[in-house]
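Following: one structure in structure tokens, then a few remarks.
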Amino acid sequence: MIIKWLFDRIFSFLALIFLSPFLLVLFILHKVKMDKGPFLFLQTRIGKDAKPFRIIKIRTMKAGSDKGISVTTFDDPRIMPFGKWLRETKIDTLFEIINILIGDMSFVGPRPDVPGYADRLEGDDRRILNLRPGITGPASLKYRHEDRILSQQKDPKRYNDEVIYPDKVKINLEYLDNWSVFLDIKILWKTFF
């Protein structure tokens with residue numbers, strides 16, 4: 001997996017340089033269209049080897065409204081209109097490239113969980129923690145519109161815990177067992193196109 005590590009370092013550095021003008025425009029739009037809260041959102045997530053790290057995202061919710069809720073639905077009233085667009089397009093994840101550059105994440109891998117989910121992994125399922133979390137991955141592609149799926153459920157958190165999360169674990173284990181450079185390229189291709 002040294003190839004994966006090198007790919008992540010080189011391309012995250014190049015991506016930050018290439019995207020910097022766009023990120024500046026996003027910053028300005030965010031200041032105009034959102035409330036007066038911060039541009040970036042930092043949250044503790046569980047990474048490789050179950051080590052916590054701070055994920056960096058563009059804030060999409062009203063300032064200070066992220067406390068205590070681990071599942072977000074599409075129609076969540078805490079999400080600002082501009083934030084909804086950022087989430088739909090996945091642009092809110094662009095600053096995770098910094099997490100890749102510093103080694104907390106990878107371009108491809110399981111999405112990093114908030115504390116309370118990765119902690120519940122048992123037995124063979126804990127092998128997922130051998131992977132660096134990613135911006136995209138096979139489970140991310142399958143559940144690209146997870147917030148919409150959850151919005152249709154009577155009890156979104158329960159549905160997430162009993163249906164979506166176990167399926168993601170299964171998908172991520174399959175990814176781990178079948179990993180190759182070609183598979184990562186295929187996932188990146190599907191993510192962008």
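For the structure tokens, the naming scheme is as follows: chains receive sequential letters (A, B, ...) according to their order of presentation, residues are indexed from 1 within each chain, and ligands are indexed from 1 in presentation order.
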Do a neighbour search on region 133-148 of chain A at 6 Å with only C-alpha atoms, toss out local chain neighbours closer than 5 positions, and write the hits as a PyMOL selection string.
-> chain A and resi 47+73-74+105-112+168+171
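Taking only C-alpha atoms, the non-local environment of Gly103 (chain A) within 9 Å (same-chain residues fewer than 5 positions away omitted) comprises Trp5, Asp8, Arg9, Ile98 and Arg132 of chain A.
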Between A:Ala118, A:Val71, A:Leu16, A:Leu188, which one has atoms that come closest to Lys157 (chain A), using only C-alpha atoms?
-> A:Val71
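One finds CA of Ala15 (chain A) at 17.5 Å from CA of Ile3 (chain A).
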Spatial neighbours of region 20-33 of chain A, max dist 12 Å, only C-alpha atoms, sep filter under 4 positions, as a PDB file with all heavy atoms, in the first residue's frame:
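The file below, result.pdb, is the result:
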ATOM      1  N   SER A  12      -2.833  14.998  -3.290  1.00  0.00           N
ATOM      2  CA  SER A  12      -3.486  15.942  -2.380  1.00  0.00           C
ATOM      3  C   SER A  12      -2.766  17.291  -2.431  1.00  0.00           C
ATOM      4  O   SER A  12      -3.403  18.351  -2.438  1.00  0.00           O
ATOM      5  CB  SER A  12      -3.539  15.400  -0.954  1.00  0.00           C
ATOM      6  OG  SER A  12      -2.251  15.145  -0.444  1.00  0.00           O
ATOM      7  N   PHE A  13      -1.428  17.259  -2.504  1.00  0.00           N
ATOM      8  CA  PHE A  13      -0.658  18.500  -2.623  1.00  0.00           C
ATOM      9  C   PHE A  13      -1.015  19.232  -3.927  1.00  0.00           C
ATOM     10  O   PHE A  13      -1.303  20.431  -3.922  1.00  0.00           O
ATOM     11  CB  PHE A  13       0.849  18.183  -2.566  1.00  0.00           C
ATOM     12  CG  PHE A  13       1.718  19.384  -2.707  1.00  0.00           C
ATOM     13  CD1 PHE A  13       1.853  20.285  -1.665  1.00  0.00           C
ATOM     14  CD2 PHE A  13       2.400  19.623  -3.895  1.00  0.00           C
ATOM     15  CE1 PHE A  13       2.658  21.423  -1.796  1.00  0.00           C
ATOM     16  CE2 PHE A  13       3.203  20.749  -4.040  1.00  0.00           C
ATOM     17  CZ  PHE A  13       3.331  21.648  -2.988  1.00  0.00           C
ATOM     18  N   LEU A  14      -1.013  18.493  -5.029  1.00  0.00           N
ATOM     19  CA  LEU A  14      -1.346  19.092  -6.321  1.00  0.00           C
ATOM     20  C   LEU A  14      -2.790  19.582  -6.358  1.00  0.00           C
ATOM     21  O   LEU A  14      -3.084  20.657  -6.907  1.00  0.00           O
ATOM     22  CB  LEU A  14      -1.103  18.091  -7.451  1.00  0.00           C
ATOM     23  CG  LEU A  14       0.353  17.679  -7.678  1.00  0.00           C
ATOM     24  CD1 LEU A  14       0.443  16.567  -8.726  1.00  0.00           C
ATOM     25  CD2 LEU A  14       1.199  18.881  -8.085  1.00  0.00           C
ATOM     26  N   ALA A  15      -3.699  18.824  -5.761  1.00  0.00           N
ATOM     27  CA  ALA A  15      -5.113  19.221  -5.743  1.00  0.00           C
ATOM     28  C   ALA A  15      -5.315  20.517  -4.969  1.00  0.00           C
ATOM     29  O   ALA A  15      -6.095  21.381  -5.392  1.00  0.00           O
ATOM     30  CB  ALA A  15      -5.963  18.109  -5.143  1.00  0.00           C
ATOM     31  N   LEU A  16      -4.617  20.666  -3.846  1.00  0.00           N
ATOM     32  CA  LEU A  16      -4.754  21.907  -3.071  1.00  0.00           C
ATOM     33  C   LEU A  16      -4.266  23.113  -3.868  1.00  0.00           C
ATOM     34  O   LEU A  16      -4.896  24.175  -3.837  1.00  0.00           O
ATOM     35  CB  LEU A  16      -3.995  21.800  -1.752  1.00  0.00           C
ATOM     36  CG  LEU A  16      -4.711  21.024  -0.657  1.00  0.00           C
ATOM     37  CD1 LEU A  16      -3.808  20.834   0.551  1.00  0.00           C
ATOM     38  CD2 LEU A  16      -6.005  21.717  -0.242  1.00  0.00           C
ATOM     39  N   GLY A  37     -21.184  32.321  11.288  1.00  0.00           N
ATOM     40  CA  GLY A  37     -20.312  31.318  11.896  1.00  0.00           C
ATOM     41  C   GLY A  37     -19.057  31.070  11.069  1.00  0.00           C
ATOM     42  O   GLY A  37     -18.848  31.673  10.021  1.00  0.00           O
ATOM     43  N   PRO A  38     -18.221  30.151  11.523  1.00  0.00           N
ATOM     44  CA  PRO A  38     -16.963  29.867  10.826  1.00  0.00           C
ATOM     45  C   PRO A  38     -17.172  29.203   9.468  1.00  0.00           C
ATOM     46  O   PRO A  38     -18.195  28.564   9.228  1.00  0.00           O
ATOM     47  CB  PRO A  38     -16.228  28.930  11.781  1.00  0.00           C
ATOM     48  CG  PRO A  38     -17.306  28.302  12.607  1.00  0.00           C
ATOM     49  CD  PRO A  38     -18.392  29.327  12.716  1.00  0.00           C
ATOM     50  N   PHE A  39     -16.188  29.341   8.603  1.00  0.00           N
ATOM     51  CA  PHE A  39     -16.207  28.735   7.271  1.00  0.00           C
ATOM     52  C   PHE A  39     -15.989  27.223   7.368  1.00  0.00           C
ATOM     53  O   PHE A  39     -16.687  26.439   6.732  1.00  0.00           O
ATOM     54  CB  PHE A  39     -15.118  29.381   6.407  1.00  0.00           C
ATOM     55  CG  PHE A  39     -14.924  28.761   5.055  1.00  0.00           C
ATOM     56  CD1 PHE A  39     -15.967  28.669   4.146  1.00  0.00           C
ATOM     57  CD2 PHE A  39     -13.684  28.277   4.679  1.00  0.00           C
ATOM     58  CE1 PHE A  39     -15.781  28.103   2.887  1.00  0.00           C
ATOM     59  CE2 PHE A  39     -13.480  27.714   3.423  1.00  0.00           C
ATOM     60  CZ  PHE A  39     -14.540  27.631   2.532  1.00  0.00           C
ATOM     61  N   LEU A  40     -15.037  26.834   8.178  1.00  0.00           N
ATOM     62  CA  LEU A  40     -14.703  25.407   8.300  1.00  0.00           C
ATOM     63  C   LEU A  40     -15.370  24.777   9.513  1.00  0.00           C
ATOM     64  O   LEU A  40     -15.653  25.443  10.516  1.00  0.00           O
ATOM     65  CB  LEU A  40     -13.189  25.222   8.383  1.00  0.00           C
ATOM     66  CG  LEU A  40     -12.407  25.626   7.142  1.00  0.00           C
ATOM     67  CD1 LEU A  40     -10.913  25.438   7.371  1.00  0.00           C
ATOM     68  CD2 LEU A  40     -12.860  24.856   5.916  1.00  0.00           C
ATOM     69  N   LYS A  57     -14.040  20.066   7.154  1.00  0.00           N
ATOM     70  CA  LYS A  57     -15.070  20.188   6.118  1.00  0.00           C
ATOM     71  C   LYS A  57     -15.529  21.638   6.051  1.00  0.00           C
ATOM     72  O   LYS A  57     -15.273  22.415   6.964  1.00  0.00           O
ATOM     73  CB  LYS A  57     -16.277  19.301   6.465  1.00  0.00           C
ATOM     74  CG  LYS A  57     -15.954  17.826   6.545  1.00  0.00           C
ATOM     75  CD  LYS A  57     -17.165  17.027   6.948  1.00  0.00           C
ATOM     76  CE  LYS A  57     -18.016  16.786   5.735  1.00  0.00           C
ATOM     77  NZ  LYS A  57     -19.006  15.745   5.900  1.00  0.00           N
ATOM     78  N   ILE A  58     -16.240  21.972   4.998  1.00  0.00           N
ATOM     79  CA  ILE A  58     -16.883  23.281   4.919  1.00  0.00           C
ATOM     80  C   ILE A  58     -18.181  23.180   5.713  1.00  0.00           C
ATOM     81  O   ILE A  58     -18.959  22.238   5.542  1.00  0.00           O
ATOM     82  CB  ILE A  58     -17.164  23.680   3.456  1.00  0.00           C
ATOM     83  CG1 ILE A  58     -15.846  23.771   2.678  1.00  0.00           C
ATOM     84  CG2 ILE A  58     -17.913  25.011   3.405  1.00  0.00           C
ATOM     85  CD1 ILE A  58     -16.020  23.994   1.188  1.00  0.00           C
ATOM     86  N   ARG A  59     -18.406  24.157   6.591  1.00  0.00           N
ATOM     87  CA  ARG A  59     -19.612  24.124   7.435  1.00  0.00           C
ATOM     88  C   ARG A  59     -20.853  24.320   6.572  1.00  0.00           C
ATOM     89  O   ARG A  59     -20.908  25.207   5.732  1.00  0.00           O
ATOM     90  CB  ARG A  59     -19.523  25.216   8.505  1.00  0.00           C
ATOM     91  CG  ARG A  59     -20.702  25.203   9.476  1.00  0.00           C
ATOM     92  CD  ARG A  59     -20.507  26.235  10.566  1.00  0.00           C
ATOM     93  NE  ARG A  59     -20.404  27.574  10.022  1.00  0.00           N
ATOM     94  CZ  ARG A  59     -21.457  28.364   9.773  1.00  0.00           C
ATOM     95  NH1 ARG A  59     -22.686  27.943  10.009  1.00  0.00           N
ATOM     96  NH2 ARG A  59     -21.273  29.580   9.282  1.00  0.00           N
ATOM     97  N   THR A  60     -21.864  23.464   6.788  1.00  0.00           N
ATOM     98  CA  THR A  60     -23.108  23.524   6.024  1.00  0.00           C
ATOM     99  C   THR A  60     -24.321  23.818   6.907  1.00  0.00           C
ATOM    100  O   THR A  60     -25.399  24.105   6.397  1.00  0.00           O
ATOM    101  CB  THR A  60     -23.357  22.186   5.299  1.00  0.00           C
ATOM    102  OG1 THR A  60     -23.430  21.139   6.266  1.00  0.00           O
ATOM    103  CG2 THR A  60     -22.252  21.894   4.291  1.00  0.00           C
ATOM    104  N   MET A  61     -24.152  23.737   8.214  1.00  0.00           N
ATOM    105  CA  MET A  61     -25.266  23.940   9.138  1.00  0.00           C
ATOM    106  C   MET A  61     -25.159  25.283   9.848  1.00  0.00           C
ATOM    107  O   MET A  61     -24.107  25.908   9.862  1.00  0.00           O
ATOM    108  CB  MET A  61     -25.283  22.830  10.187  1.00  0.00           C
ATOM    109  CG  MET A  61     -25.555  21.465   9.648  1.00  0.00           C
ATOM    110  SD  MET A  61     -25.679  20.300  11.039  1.00  0.00           S
ATOM    111  CE  MET A  61     -25.974  18.798  10.147  1.00  0.00           C
ATOM    112  N   LYS A  62     -26.255  25.674  10.462  1.00  0.00           N
ATOM    113  CA  LYS A  62     -26.254  26.877  11.283  1.00  0.00           C
ATOM    114  C   LYS A  62     -25.168  26.735  12.338  1.00  0.00           C
ATOM    115  O   LYS A  62     -24.942  25.643  12.862  1.00  0.00           O
ATOM    116  CB  LYS A  62     -27.621  27.051  11.951  1.00  0.00           C
ATOM    117  CG  LYS A  62     -28.745  27.283  10.970  1.00  0.00           C
ATOM    118  CD  LYS A  62     -30.089  27.276  11.663  1.00  0.00           C
ATOM    119  CE  LYS A  62     -31.202  27.355  10.632  1.00  0.00           C
ATOM    120  NZ  LYS A  62     -32.517  27.088  11.201  1.00  0.00           N
ATOM    121  N   MET A  80     -28.295  25.015   6.255  1.00  0.00           N
ATOM    122  CA  MET A  80     -28.585  26.271   5.563  1.00  0.00           C
ATOM    123  C   MET A  80     -28.788  25.976   4.062  1.00  0.00           C
ATOM    124  O   MET A  80     -28.245  24.994   3.554  1.00  0.00           O
ATOM    125  CB  MET A  80     -27.424  27.247   5.751  1.00  0.00           C
ATOM    126  CG  MET A  80     -27.052  27.531   7.194  1.00  0.00           C
ATOM    127  SD  MET A  80     -28.151  28.682   8.006  1.00  0.00           S
ATOM    128  CE  MET A  80     -27.719  30.194   7.204  1.00  0.00           C
ATOM    129  N   PRO A  81     -29.543  26.817   3.327  1.00  0.00           N
ATOM    130  CA  PRO A  81     -29.769  26.560   1.892  1.00  0.00           C
ATOM    131  C   PRO A  81     -28.476  26.392   1.089  1.00  0.00           C
ATOM    132  O   PRO A  81     -28.347  25.467   0.288  1.00  0.00           O
ATOM    133  CB  PRO A  81     -30.575  27.783   1.434  1.00  0.00           C
ATOM    134  CG  PRO A  81     -31.290  28.233   2.668  1.00  0.00           C
ATOM    135  CD  PRO A  81     -30.336  27.952   3.811  1.00  0.00           C
ATOM    136  N   PHE A  82     -27.504  27.279   1.280  1.00  0.00           N
ATOM    137  CA  PHE A  82     -26.219  27.146   0.578  1.00  0.00           C
ATOM    138  C   PHE A  82     -25.510  25.873   1.034  1.00  0.00           C
ATOM    139  O   PHE A  82     -24.867  25.187   0.241  1.00  0.00           O
ATOM    140  CB  PHE A  82     -25.344  28.379   0.835  1.00  0.00           C
ATOM    141  CG  PHE A  82     -24.054  28.371   0.075  1.00  0.00           C
ATOM    142  CD1 PHE A  82     -24.033  28.411  -1.309  1.00  0.00           C
ATOM    143  CD2 PHE A  82     -22.835  28.343   0.745  1.00  0.00           C
ATOM    144  CE1 PHE A  82     -22.840  28.416  -2.020  1.00  0.00           C
ATOM    145  CE2 PHE A  82     -21.631  28.347   0.054  1.00  0.00           C
ATOM    146  CZ  PHE A  82     -21.641  28.385  -1.333  1.00  0.00           C
ATOM    147  N   GLY A  83     -25.667  25.551   2.308  1.00  0.00           N
ATOM    148  CA  GLY A  83     -25.090  24.323   2.851  1.00  0.00           C
ATOM    149  C   GLY A  83     -25.688  23.079   2.210  1.00  0.00           C
ATOM    150  O   GLY A  83     -24.993  22.087   1.982  1.00  0.00           O
ATOM    151  N   LYS A  84     -26.961  23.137   1.896  1.00  0.00           N
ATOM    152  CA  LYS A  84     -27.619  22.005   1.228  1.00  0.00           C
ATOM    153  C   LYS A  84     -26.983  21.750  -0.140  1.00  0.00           C
ATOM    154  O   LYS A  84     -26.725  20.616  -0.525  1.00  0.00           O
ATOM    155  CB  LYS A  84     -29.119  22.259   1.096  1.00  0.00           C
ATOM    156  CG  LYS A  84     -29.913  21.041   0.668  1.00  0.00           C
ATOM    157  CD  LYS A  84     -31.397  21.276   0.795  1.00  0.00           C
ATOM    158  CE  LYS A  84     -31.783  21.049   2.225  1.00  0.00           C
ATOM    159  NZ  LYS A  84     -33.104  20.536   2.469  1.00  0.00           N
ATOM    160  N   TRP A  85     -26.712  22.836  -0.858  1.00  0.00           N
ATOM    161  CA  TRP A  85     -26.049  22.709  -2.162  1.00  0.00           C
ATOM    162  C   TRP A  85     -24.632  22.142  -1.992  1.00  0.00           C
ATOM    163  O   TRP A  85     -24.223  21.263  -2.743  1.00  0.00           O
ATOM    164  CB  TRP A  85     -26.013  24.068  -2.867  1.00  0.00           C
ATOM    165  CG  TRP A  85     -25.270  24.011  -4.159  1.00  0.00           C
ATOM    166  CD1 TRP A  85     -25.722  23.516  -5.344  1.00  0.00           C
ATOM    167  CD2 TRP A  85     -23.925  24.442  -4.390  1.00  0.00           C
ATOM    168  NE1 TRP A  85     -24.738  23.617  -6.307  1.00  0.00           N
ATOM    169  CE2 TRP A  85     -23.620  24.182  -5.743  1.00  0.00           C
ATOM    170  CE3 TRP A  85     -22.947  25.024  -3.585  1.00  0.00           C
ATOM    171  CZ2 TRP A  85     -22.395  24.491  -6.308  1.00  0.00           C
ATOM    172  CZ3 TRP A  85     -21.728  25.338  -4.144  1.00  0.00           C
ATOM    173  CH2 TRP A  85     -21.453  25.063  -5.492  1.00  0.00           C
ATOM    174  N   LEU A  86     -23.913  22.628  -1.010  1.00  0.00           N
ATOM    175  CA  LEU A  86     -22.563  22.118  -0.743  1.00  0.00           C
ATOM    176  C   LEU A  86     -22.587  20.618  -0.458  1.00  0.00           C
ATOM    177  O   LEU A  86     -21.736  19.869  -0.920  1.00  0.00           O
ATOM    178  CB  LEU A  86     -21.924  22.859   0.442  1.00  0.00           C
ATOM    179  CG  LEU A  86     -21.547  24.315   0.219  1.00  0.00           C
ATOM    180  CD1 LEU A  86     -21.165  24.973   1.543  1.00  0.00           C
ATOM    181  CD2 LEU A  86     -20.422  24.448  -0.795  1.00  0.00           C
ATOM    182  N   ILE A  91     -19.182  19.177  -2.298  1.00  0.00           N
ATOM    183  CA  ILE A  91     -18.126  20.182  -2.235  1.00  0.00           C
ATOM    184  C   ILE A  91     -17.709  20.437  -0.789  1.00  0.00           C
ATOM    185  O   ILE A  91     -16.568  20.825  -0.526  1.00  0.00           O
ATOM    186  CB  ILE A  91     -18.584  21.486  -2.950  1.00  0.00           C
ATOM    187  CG1 ILE A  91     -18.632  21.240  -4.468  1.00  0.00           C
ATOM    188  CG2 ILE A  91     -17.677  22.661  -2.614  1.00  0.00           C
ATOM    189  CD1 ILE A  91     -19.217  22.375  -5.271  1.00  0.00           C
ATOM    190  N   ASP A  92     -18.610  20.187   0.155  1.00  0.00           N
ATOM    191  CA  ASP A  92     -18.265  20.401   1.562  1.00  0.00           C
ATOM    192  C   ASP A  92     -17.101  19.525   2.026  1.00  0.00           C
ATOM    193  O   ASP A  92     -16.479  19.799   3.052  1.00  0.00           O
ATOM    194  CB  ASP A  92     -19.486  20.191   2.457  1.00  0.00           C
ATOM    195  CG  ASP A  92     -20.001  18.761   2.459  1.00  0.00           C
ATOM    196  OD1 ASP A  92     -20.050  18.128   1.393  1.00  0.00           O
ATOM    197  OD2 ASP A  92     -20.370  18.281   3.551  1.00  0.00           O
ATOM    198  N   THR A  93     -16.758  18.495   1.251  1.00  0.00           N
ATOM    199  CA  THR A  93     -15.660  17.597   1.640  1.00  0.00           C
ATOM    200  C   THR A  93     -14.305  18.005   1.057  1.00  0.00           C
ATOM    201  O   THR A  93     -13.302  17.359   1.343  1.00  0.00           O
ATOM    202  CB  THR A  93     -15.958  16.143   1.203  1.00  0.00           C
ATOM    203  OG1 THR A  93     -16.026  16.084  -0.223  1.00  0.00           O
ATOM    204  CG2 THR A  93     -17.243  15.623   1.811  1.00  0.00           C
ATOM    205  N   LEU A  94     -14.248  19.060   0.256  1.00  0.00           N
ATOM    206  CA  LEU A  94     -12.998  19.419  -0.427  1.00  0.00           C
ATOM    207  C   LEU A  94     -11.825  19.657   0.527  1.00  0.00           C
ATOM    208  O   LEU A  94     -10.696  19.302   0.215  1.00  0.00           O
ATOM    209  CB  LEU A  94     -13.194  20.646  -1.312  1.00  0.00           C
ATOM    210  CG  LEU A  94     -13.851  20.409  -2.655  1.00  0.00           C
ATOM    211  CD1 LEU A  94     -14.013  21.716  -3.411  1.00  0.00           C
ATOM    212  CD2 LEU A  94     -13.056  19.416  -3.481  1.00  0.00           C
ATOM    213  N   PHE A  95     -12.091  20.241   1.687  1.00  0.00           N
ATOM    214  CA  PHE A  95     -10.992  20.512   2.613  1.00  0.00           C
ATOM    215  C   PHE A  95     -10.456  19.243   3.278  1.00  0.00           C
ATOM    216  O   PHE A  95      -9.426  19.282   3.948  1.00  0.00           O
ATOM    217  CB  PHE A  95     -11.390  21.567   3.653  1.00  0.00           C
ATOM    218  CG  PHE A  95     -11.210  22.958   3.145  1.00  0.00           C
ATOM    219  CD1 PHE A  95     -12.225  23.586   2.431  1.00  0.00           C
ATOM    220  CD2 PHE A  95     -10.030  23.642   3.351  1.00  0.00           C
ATOM    221  CE1 PHE A  95     -12.054  24.871   1.945  1.00  0.00           C
ATOM    222  CE2 PHE A  95      -9.851  24.930   2.865  1.00  0.00           C
ATOM    223  CZ  PHE A  95     -10.868  25.541   2.161  1.00  0.00           C
ATOM    224  N   ILE A  97      -9.031  17.186   1.740  1.00  0.00           N
ATOM    225  CA  ILE A  97      -7.760  16.989   1.044  1.00  0.00           C
ATOM    226  C   ILE A  97      -6.598  17.332   1.981  1.00  0.00           C
ATOM    227  O   ILE A  97      -5.538  16.717   1.922  1.00  0.00           O
ATOM    228  CB  ILE A  97      -7.715  17.825  -0.264  1.00  0.00           C
ATOM    229  CG1 ILE A  97      -8.757  17.290  -1.258  1.00  0.00           C
ATOM    230  CG2 ILE A  97      -6.327  17.802  -0.886  1.00  0.00           C
ATOM    231  CD1 ILE A  97      -8.960  18.149  -2.492  1.00  0.00           C
ATOM    232  N   ILE A  98      -6.817  18.285   2.886  1.00  0.00           N
ATOM    233  CA  ILE A  98      -5.790  18.592   3.893  1.00  0.00           C
ATOM    234  C   ILE A  98      -5.580  17.383   4.798  1.00  0.00           C
ATOM    235  O   ILE A  98      -4.440  17.051   5.143  1.00  0.00           O
ATOM    236  CB  ILE A  98      -6.178  19.850   4.705  1.00  0.00           C
ATOM    237  CG1 ILE A  98      -6.203  21.070   3.782  1.00  0.00           C
ATOM    238  CG2 ILE A  98      -5.212  20.062   5.876  1.00  0.00           C
ATOM    239  CD1 ILE A  98      -6.806  22.312   4.404  1.00  0.00           C
TER     240      ILE A  98
END
Enumerate as a ChimeraX atom specification all residues of chain A assigned to strand (DSSP E) by DSSP on the backbone, naming them with the chain letters and numbers the document uses.
-> /A:40-46,52-58,106-108,134-136
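Among the candidates A:Ser151, A:Asn172, A:Asn99, A:Thr44, the residue lying nearest to Pro115 (chain A) is A:Thr44 (atoms considered: only C-alpha atoms).
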If you count only C-alpha atoms, the residue of A:Leu129, A:Met34, A:Phe53, A:Ile102 closest to Arg78 (chain A) turns out to be A:Met34
List every residue of region 44-120 of chain A that DSSP, applied to the backbone of this structure, assigns to helix (DSSP H, G or I), and report them as a compact mmCIF listing (two decimals) with N, CA and C atoms, in the first residue's frame.
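Ended up saving to result.txt:
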# COMPACT_ATOMS: atom_id res chain seq x y z
N LYS A 48 -7.56 5.47 10.98
CA LYS A 48 -6.79 4.22 10.91
C LYS A 48 -6.34 3.82 12.31
N ASP A 49 -6.41 2.51 12.57
CA ASP A 49 -6.02 1.95 13.87
C ASP A 49 -6.84 2.53 15.02
N ALA A 50 -8.05 2.98 14.72
CA ALA A 50 -9.00 3.51 15.71
C ALA A 50 -8.51 4.79 16.39
N PRO A 81 -29.54 26.82 3.33
CA PRO A 81 -29.77 26.56 1.89
C PRO A 81 -28.48 26.39 1.09
N PHE A 82 -27.50 27.28 1.28
CA PHE A 82 -26.22 27.15 0.58
C PHE A 82 -25.51 25.87 1.03
N GLY A 83 -25.67 25.55 2.31
CA GLY A 83 -25.09 24.32 2.85
C GLY A 83 -25.69 23.08 2.21
N LYS A 84 -26.96 23.14 1.90
CA LYS A 84 -27.62 22.00 1.23
C LYS A 84 -26.98 21.75 -0.14
N TRP A 85 -26.71 22.84 -0.86
CA TRP A 85 -26.05 22.71 -2.16
C TRP A 85 -24.63 22.14 -1.99
N LEU A 86 -23.91 22.63 -1.01
CA LEU A 86 -22.56 22.12 -0.74
C LEU A 86 -22.59 20.62 -0.46
N ARG A 87 -23.59 20.17 0.31
CA ARG A 87 -23.71 18.75 0.64
C ARG A 87 -24.10 17.93 -0.58
N GLU A 88 -25.07 18.42 -1.35
CA GLU A 88 -25.54 17.69 -2.53
C GLU A 88 -24.42 17.46 -3.53
N THR A 89 -23.58 18.46 -3.71
CA THR A 89 -22.49 18.37 -4.67
C THR A 89 -21.24 17.73 -4.07
N ILE A 91 -19.18 19.18 -2.30
CA ILE A 91 -18.13 20.18 -2.24
C ILE A 91 -17.71 20.44 -0.79
N ASP A 92 -18.61 20.19 0.15
CA ASP A 92 -18.27 20.40 1.56
C ASP A 92 -17.10 19.52 2.03
N THR A 93 -16.76 18.50 1.25
CA THR A 93 -15.66 17.60 1.64
C THR A 93 -14.31 18.00 1.06
N GLU A 96 -11.14 18.13 3.08
CA GLU A 96 -10.59 16.86 3.57
C GLU A 96 -9.30 16.50 2.83
N ILE A 97 -9.03 17.19 1.74
CA ILE A 97 -7.76 16.99 1.04
C ILE A 97 -6.60 17.33 1.98
N ILE A 98 -6.82 18.28 2.89
CA ILE A 98 -5.79 18.59 3.89
C ILE A 98 -5.58 17.38 4.80
N ASN A 99 -6.67 16.71 5.18
CA ASN A 99 -6.56 15.49 5.99
C ASN A 99 -5.75 14.42 5.26
N ILE A 100 -5.89 14.37 3.94
CA ILE A 100 -5.13 13.41 3.14
C ILE A 100 -3.65 13.80 3.15
N LEU A 101 -3.39 15.07 2.93
CA LEU A 101 -2.01 15.55 2.87
C LEU A 101 -1.26 15.27 4.18
N ALA A 118 -17.42 3.29 15.06
CA ALA A 118 -16.24 2.43 14.90
C ALA A 118 -15.96 1.66 16.19
N ASP A 119 -16.34 2.24 17.32
CA ASP A 119 -16.13 1.58 18.62
C ASP A 119 -16.95 0.29 18.73
N ARG A 120 -18.03 0.21 17.97
CA ARG A 120 -18.91 -0.97 18.05
C ARG A 120 -18.45 -2.12 17.17
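Remark: for Val163 (chain A), the closest of the candidate residues A:Tyr175, A:Leu150, A:Lys51, A:Asp104 is A:Leu150 (distances computed over only C-alpha atoms).
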Atomic separation - CA of Pro52 (chain A) relative to CA of Tyr117 (chain A), Å =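 Between CA of Tyr117 (chain A) and CA of Pro52 (chain A) the gap works out to 12.3 Å.
Nearest to Arg126 (chain A) of all the residues A:Leu173, A:Val114, A:Ile17, A:Ile164 is A:Leu173, counting only C-alpha atoms.
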